[in-house]
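Remarks on the structure that follows.
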Amino acid sequence: MLISKAPDLTYSRAYINGPCLTHPKARRQLVENDSRQFYIYPTKMLTSRALIRGLQSSLWRSVCSTSALQGSHSKVVDVIDCSVPQYNNRLDTPLPDRPFVKHDQLSAEQKKLKEKEKASWKSLSKEEQLALYRMTFELTYPEMRKGSDEWKTVLGGVFFFMGFTGLLVWWQRVYVFGDVPHTLSDEWVEKQTQRMIDMRINPVNGFASQWDYEKKQWK
Amino acid sequence: MMFSAVVRLSASGIRSLARAGPSYTAPLASRCYSHAKAETDEEFDARWVTYFSKPDIDAWELKKGMNTLIGYDLVPEPKILDSALRACRRLNDLASAIRILEAVKDKSGPHKEIYPYLIQELKPTLQELGISTPEELGIDQI
């Protein structure tokens with residue numbers, strides 16, 4: 001029985017609570033794992049069970065980061081808690097759900113400034129007003145609107161790799177391909193053309209219609 | 001073969017076409033609008049001024065109101081903004097007040113004459129409350 005704790009790339013796994021599934025070719029295996037039940041469907045890729053078990057135990061454990069599957073594994077990717085209001089920089093949302101610097105993460109002088117904010121704003125200097133703005137918002141509207149030069153990098157990369165491919169194709173032409181067939185030599189094509197004219201190939205609208213048979217030249 | 005078919009069409013077909021009655025043309029005056037009363041601009045403005053004028057407005061209501069207002073296809077009237085700025089004052093939130101000014105400038109888009117007009121109309125309020133404009137703080141440029 002396969003006991004899998006990591007995301008399984010060779011089998012598609014359906015997480016099922018109910019009764020049977022109707023996949024016609026399913027070879028269903030019931031796997032008891034942490035009191036959850038997994039029905040495992042083999043994909044077209046035929047991999048031996050031992051290989052999978054080996055992969056799962058050595059490699060893939062480090063990939064999975066959800067705490068439910070980790071067990072004792074402690075390496076965690078940067079996790080955003082989506083259950084609390086998030087800050088965002090959006091032109092269509094001038095006032096996001098929370099300030100940029102959270103209230104409990106303010107430094108002492110920032111807290112003092114917040115107290116000063118409760119009094120008349122005329123007592124705040126320009127720098128203080130700017131500091132209050134930056135505490136609440138990460139980017140100003142012009143900063144949000146500003147684009148980046150990433151497209152130049154992308155385009156440069158595209159051309160670079162196209163050029164590299166061109167070099168590969170050239171090398172291939174020189175070192176891999178053999179000679180062109182002899183039927184494409186000038187001598188052969190001449191004789192071929194003469195034969196086509198003699199046979200009157202496509203005399204109405206095509207090849208031979210372009211040949212002037214009186215003057216013996218192309219029209 | 002073909003000609004007899006044509007004759008058949010001309011004999012009976014055209015007559016049947018002629019027999020068809022006049023086609024229906026809708027009278028131009030009636031349109032399919034809803035019969036509900038449309039809110040006038042003044043009613044809209046008044047509604048929003050009232051919304052922001054709530055004495056105990058909370059931060060969430062201010063955010064919700066502003067985000068909704070900015071979502072509309074219009075630039076809010078100075079009186080609505082005045083009400084919103086005063087709401088910011090009640091909530092001790094200067095940053096949001098400045099943000100509102102930035103947002104309406106962005107909302108005007110290519111119509112560059114709207115924002116100076118709004119600032120001109122809001123000048124008394126800005127001075128009374130001590131709110132600096134984004135230009136005065138230098139954040140209108142990158």
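Every chain in the structure tokens has a letter given in the order shown (A, B, ...), and although residue numbers restart at 1 in each chain, ligands are simply numbered from 1 in the order shown.
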If the cut-off is 6 Å, can you tell me the residues of chain B near chain A, counting only C-alpha atoms? I'd like them as a VMD selection string.
chain B and resid 63 67 92 95 130 142
How about saving the chosen residues, N, CA and C atoms kept, as a compact mmCIF listing (two decimals), in the first residue's frame?
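Written output follows (out_10.txt):
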```
# COMPACT_ATOMS: atom_id res chain seq x y z
N LYS B 63 -13.40 53.73 4.27
CA LYS B 63 -12.70 53.00 3.21
C LYS B 63 -13.70 52.48 2.18
N ASN B 67 -13.72 53.70 -1.67
CA ASN B 67 -13.43 52.73 -2.73
C ASN B 67 -14.60 52.58 -3.68
N ASN B 92 -8.98 60.97 12.59
CA ASN B 92 -7.56 61.26 12.81
C ASN B 92 -6.68 60.56 11.78
N ALA B 95 -3.30 60.58 6.36
CA ALA B 95 -2.81 59.89 5.17
C ALA B 95 -3.95 59.61 4.20
N GLY B 130 -5.80 71.79 7.69
CA GLY B 130 -4.34 71.65 7.66
C GLY B 130 -3.86 70.50 6.81
N ILE B 142 7.42 61.34 -9.31
CA ILE B 142 8.10 60.14 -8.81
C ILE B 142 9.42 60.56 -8.18
```
